[in-house]
>>> print(open('target-v1.txt').read())   # compact mmCIF, N, CA and C atoms
# COMPACT_ATOMS: atom_id res chain seq x y z
N MET A 1 86.48 51.59 108.51
CA MET A 1 85.66 51.37 107.35
C MET A 1 85.55 52.66 106.52
N ILE A 2 85.33 53.77 107.19
CA ILE A 2 85.19 55.04 106.49
C ILE A 2 86.51 55.41 105.81
N ILE A 3 87.61 55.24 106.52
CA ILE A 3 88.91 55.56 105.95
C ILE A 3 89.23 54.64 104.78
N GLY A 4 88.92 53.36 104.92
CA GLY A 4 89.19 52.40 103.85
C GLY A 4 88.42 52.71 102.58
N GLN A 5 87.16 53.06 102.73
CA GLN A 5 86.36 53.40 101.55
C GLN A 5 86.86 54.67 100.88
N GLY A 6 87.20 55.65 101.68
CA GLY A 6 87.71 56.91 101.12
C GLY A 6 89.04 56.73 100.43
N MET A 7 89.93 55.96 101.03
CA MET A 7 91.25 55.77 100.46
C MET A 7 91.21 54.91 99.19
N THR A 8 90.19 54.08 99.05
CA THR A 8 90.04 53.30 97.81
C THR A 8 89.88 54.24 96.62
N PHE A 9 89.04 55.24 96.77
CA PHE A 9 88.84 56.21 95.71
C PHE A 9 90.11 57.02 95.45
N VAL A 10 90.85 57.30 96.50
CA VAL A 10 92.09 58.06 96.35
C VAL A 10 93.12 57.27 95.55
N VAL A 11 93.26 55.99 95.85
CA VAL A 11 94.22 55.16 95.13
C VAL A 11 93.83 55.02 93.66
N ILE A 12 92.56 54.86 93.39
CA ILE A 12 92.10 54.79 91.99
C ILE A 12 92.39 56.12 91.29
N GLY A 13 92.13 57.22 91.96
CA GLY A 13 92.40 58.53 91.39
C GLY A 13 93.88 58.76 91.14
N LEU A 14 94.72 58.30 92.06
CA LEU A 14 96.16 58.44 91.86
C LEU A 14 96.63 57.63 90.65
N ALA A 15 96.12 56.42 90.50
CA ALA A 15 96.52 55.60 89.35
C ALA A 15 96.10 56.26 88.04
N LEU A 16 94.89 56.76 87.99
CA LEU A 16 94.43 57.45 86.77
C LEU A 16 95.21 58.75 86.56
N GLY A 17 95.52 59.44 87.63
CA GLY A 17 96.29 60.68 87.54
C GLY A 17 97.70 60.45 87.04
N TRP A 18 98.34 59.38 87.52
CA TRP A 18 99.68 59.06 87.04
C TRP A 18 99.66 58.75 85.55
N ALA A 19 98.68 57.96 85.13
CA ALA A 19 98.58 57.60 83.71
C ALA A 19 98.37 58.86 82.85
N GLY A 20 97.49 59.73 83.29
CA GLY A 20 97.25 60.96 82.55
C GLY A 20 98.44 61.89 82.56
N ALA A 21 99.14 61.95 83.68
CA ALA A 21 100.29 62.85 83.80
C ALA A 21 101.44 62.41 82.90
N VAL A 22 101.64 61.12 82.77
CA VAL A 22 102.72 60.63 81.92
C VAL A 22 102.48 61.07 80.48
N PHE A 23 101.25 61.00 80.03
CA PHE A 23 100.94 61.40 78.65
C PHE A 23 100.93 62.92 78.48
N LEU A 24 100.44 63.65 79.46
CA LEU A 24 100.33 65.10 79.32
C LEU A 24 101.65 65.84 79.53
N THR A 25 102.58 65.24 80.25
CA THR A 25 103.85 65.93 80.48
C THR A 25 104.64 66.09 79.19
N ARG A 26 104.42 65.21 78.24
CA ARG A 26 105.11 65.36 76.96
C ARG A 26 104.67 66.63 76.25
N ALA A 27 103.41 66.98 76.40
CA ALA A 27 102.91 68.21 75.77
C ALA A 27 103.42 69.46 76.49
N LEU A 28 103.68 69.33 77.78
CA LEU A 28 104.13 70.48 78.57
C LEU A 28 105.65 70.51 78.77
N ALA A 29 106.38 69.64 78.11
CA ALA A 29 107.82 69.52 78.34
C ALA A 29 108.56 70.83 78.09
N GLU A 30 108.12 71.62 77.14
CA GLU A 30 108.83 72.86 76.84
C GLU A 30 108.64 73.93 77.92
N LEU A 31 107.65 73.77 78.78
CA LEU A 31 107.41 74.74 79.85
C LEU A 31 108.17 74.42 81.13
N LEU A 32 108.75 73.23 81.22
CA LEU A 32 109.45 72.80 82.42
C LEU A 32 110.87 73.36 82.44
N PHE A 33 111.33 73.76 83.62
CA PHE A 33 112.66 74.33 83.76
C PHE A 33 113.48 73.46 84.69
N LYS A 34 114.54 72.86 84.19
CA LYS A 34 115.47 72.00 84.94
C LYS A 34 114.79 70.77 85.56
N VAL A 35 113.73 70.32 84.96
CA VAL A 35 113.03 69.12 85.42
C VAL A 35 112.66 68.31 84.20
N THR A 36 112.91 67.01 84.25
CA THR A 36 112.51 66.17 83.13
C THR A 36 111.00 65.96 83.18
N PRO A 37 110.37 65.67 82.06
CA PRO A 37 108.90 65.52 82.05
C PRO A 37 108.39 64.40 82.95
N THR A 38 109.17 63.37 83.15
CA THR A 38 108.73 62.26 84.01
C THR A 38 109.65 62.15 85.23
N ASP A 39 109.85 63.24 85.92
CA ASP A 39 110.70 63.28 87.11
C ASP A 39 110.08 62.45 88.23
N PRO A 40 110.72 61.36 88.66
CA PRO A 40 110.12 60.50 89.68
C PRO A 40 109.92 61.20 91.02
N ALA A 41 110.84 62.08 91.40
CA ALA A 41 110.70 62.77 92.68
C ALA A 41 109.45 63.63 92.71
N THR A 42 109.14 64.27 91.60
CA THR A 42 107.95 65.11 91.53
C THR A 42 106.69 64.25 91.61
N PHE A 43 106.66 63.17 90.86
CA PHE A 43 105.50 62.28 90.89
C PHE A 43 105.27 61.72 92.29
N TRP A 44 106.32 61.22 92.93
CA TRP A 44 106.18 60.64 94.27
C TRP A 44 105.85 61.70 95.31
N GLY A 45 106.47 62.87 95.20
CA GLY A 45 106.20 63.94 96.16
C GLY A 45 104.77 64.43 96.13
N VAL A 46 104.27 64.65 94.94
CA VAL A 46 102.88 65.12 94.80
C VAL A 46 101.91 64.02 95.24
N SER A 47 102.21 62.78 94.90
CA SER A 47 101.35 61.67 95.32
C SER A 47 101.32 61.53 96.83
N PHE A 48 102.48 61.70 97.47
CA PHE A 48 102.54 61.61 98.94
C PHE A 48 101.73 62.72 99.59
N LEU A 49 101.86 63.94 99.09
CA LEU A 49 101.08 65.06 99.64
C LEU A 49 99.59 64.84 99.45
N PHE A 50 99.21 64.33 98.30
CA PHE A 50 97.80 64.05 98.02
C PHE A 50 97.27 62.96 98.96
N LEU A 51 98.06 61.92 99.17
CA LEU A 51 97.64 60.85 100.09
C LEU A 51 97.49 61.36 101.52
N CYS A 52 98.41 62.22 101.94
CA CYS A 52 98.31 62.78 103.30
C CYS A 52 97.06 63.64 103.45
N ALA A 53 96.77 64.47 102.47
CA ALA A 53 95.58 65.32 102.54
C ALA A 53 94.31 64.47 102.53
N ALA A 54 94.28 63.43 101.71
CA ALA A 54 93.11 62.55 101.64
C ALA A 54 92.94 61.77 102.94
N LEU A 55 94.04 61.33 103.53
CA LEU A 55 93.96 60.60 104.79
C LEU A 55 93.39 61.48 105.90
N ILE A 56 93.81 62.71 105.95
CA ILE A 56 93.27 63.64 106.95
C ILE A 56 91.79 63.90 106.68
N ALA A 57 91.44 64.06 105.41
CA ALA A 57 90.04 64.31 105.05
C ALA A 57 89.15 63.11 105.37
N CYS A 58 89.68 61.92 105.35
CA CYS A 58 88.90 60.72 105.71
C CYS A 58 88.90 60.48 107.22
N TYR A 59 90.00 60.88 107.88
CA TYR A 59 90.14 60.60 109.31
C TYR A 59 89.19 61.45 110.15
N ILE A 60 88.99 62.70 109.78
CA ILE A 60 88.16 63.59 110.59
C ILE A 60 86.71 63.09 110.70
N PRO A 61 86.03 62.72 109.60
CA PRO A 61 84.67 62.17 109.76
C PRO A 61 84.66 60.81 110.46
N ALA A 62 85.71 60.02 110.28
CA ALA A 62 85.77 58.72 110.96
C ALA A 62 85.88 58.92 112.46
N ARG A 63 86.68 59.89 112.89
CA ARG A 63 86.82 60.16 114.32
C ARG A 63 85.48 60.63 114.92
N ARG A 64 84.74 61.46 114.17
CA ARG A 64 83.43 61.90 114.64
C ARG A 64 82.45 60.73 114.75
N ALA A 65 82.50 59.83 113.78
CA ALA A 65 81.58 58.69 113.78
C ALA A 65 81.87 57.76 114.95
N VAL A 66 83.11 57.64 115.34
CA VAL A 66 83.46 56.76 116.46
C VAL A 66 82.95 57.32 117.78
N ARG A 67 82.89 58.62 117.91
CA ARG A 67 82.46 59.25 119.17
C ARG A 67 80.96 59.15 119.42
N ILE A 68 80.17 58.87 118.39
CA ILE A 68 78.72 58.81 118.55
C ILE A 68 78.32 57.46 119.14
N ASP A 69 77.45 57.50 120.14
CA ASP A 69 76.93 56.28 120.74
C ASP A 69 75.98 55.60 119.75
N PRO A 70 76.18 54.31 119.43
CA PRO A 70 75.35 53.65 118.44
C PRO A 70 73.85 53.64 118.80
N ILE A 71 73.53 53.50 120.05
CA ILE A 71 72.11 53.48 120.47
C ILE A 71 71.47 54.83 120.20
N VAL A 72 72.16 55.90 120.50
CA VAL A 72 71.62 57.24 120.26
C VAL A 72 71.44 57.47 118.76
N ALA A 73 72.40 57.01 117.97
CA ALA A 73 72.29 57.19 116.52
C ALA A 73 71.13 56.40 115.94
N LEU A 74 70.90 55.20 116.44
CA LEU A 74 69.79 54.38 115.96
C LEU A 74 68.43 54.95 116.37
N ARG A 75 68.35 55.50 117.56
CA ARG A 75 67.08 56.06 118.03
C ARG A 75 66.72 57.35 117.31
N SER A 76 67.70 58.09 116.81
CA SER A 76 67.41 59.36 116.17
C SER A 76 66.90 59.22 114.76
N THR A 77 66.98 58.04 114.18
CA THR A 77 66.50 57.86 112.80
C THR A 77 65.10 57.36 112.71
>>> encode(input="target-v1.txt", output="C-alpha cells")
Amino acid sequence: MIIGQGMTFVVIGLALGWAGAVFLTRALAELLFKVTPTDPATFWGVSFLFLCAALIACYIPARRAVRIDPIVALRST
C-alpha cells in the first residue's frame, strides 16, 4: 500500500516531467552536443533512474512498517 501510493505520485510526476521536457528541450537545443532535443534513450534512461530511486525511497519505509507488530502500534497511540 505504501509503495503503491508513493509510486502513483512518481508516475504522475514523470508524465508531467516528460511533457515539460519536450517543450523545454526546444529552447535548450543549441546547448546540446551530439544529442537531439528529444533523444528517446535519454528520456527513458533518466525516467528509469528516477523510478528506481523512487522505488527504493518507498520501499524502505514500507519495510519498516511491515516489521512493526500491529498490536504494539495500536496500543502506543
>>> residues_around(input="target-v1.txt", residues="segment 11-24 of chain A", least_positions_apart="3", cutoff="8 Å", atoms="all atoms listed in the file", output="number ranges by chain")
A: 6-8, 27-29, 37-38, 43, 47, 51
>>> residues_around(input="target-v1.txt", residues="segment 61-73 of chain A", least_positions_apart="3", cutoff="6.5 Å", atoms="only N, CA and C atoms", output="ChimeraX atom specification")
/A:2-3,57-58,76-77
>>> select_by_dssp(input="target-v1.txt", residues="chain A", states="alpha helix (DSSP H)", output="PyMOL selection string")
chain A and resi 2-27+40-67+70-75
>>> atom_distance(input="target-v1.txt", atom1="atom N of Met1 of chain A", atom2="atom N of Tyr59 of chain A")
10.0 Å
>>> atom_distance(input="target-v1.txt", atom1="atom C of Val10 of chain A", atom2="atom CA of Leu49 of chain A")
11.9 Å
>>> atom_distance(input="target-v1.txt", atom1="atom CA of Arg26 of chain A", atom2="atom C of Ala54 of chain A")
28.9 Å
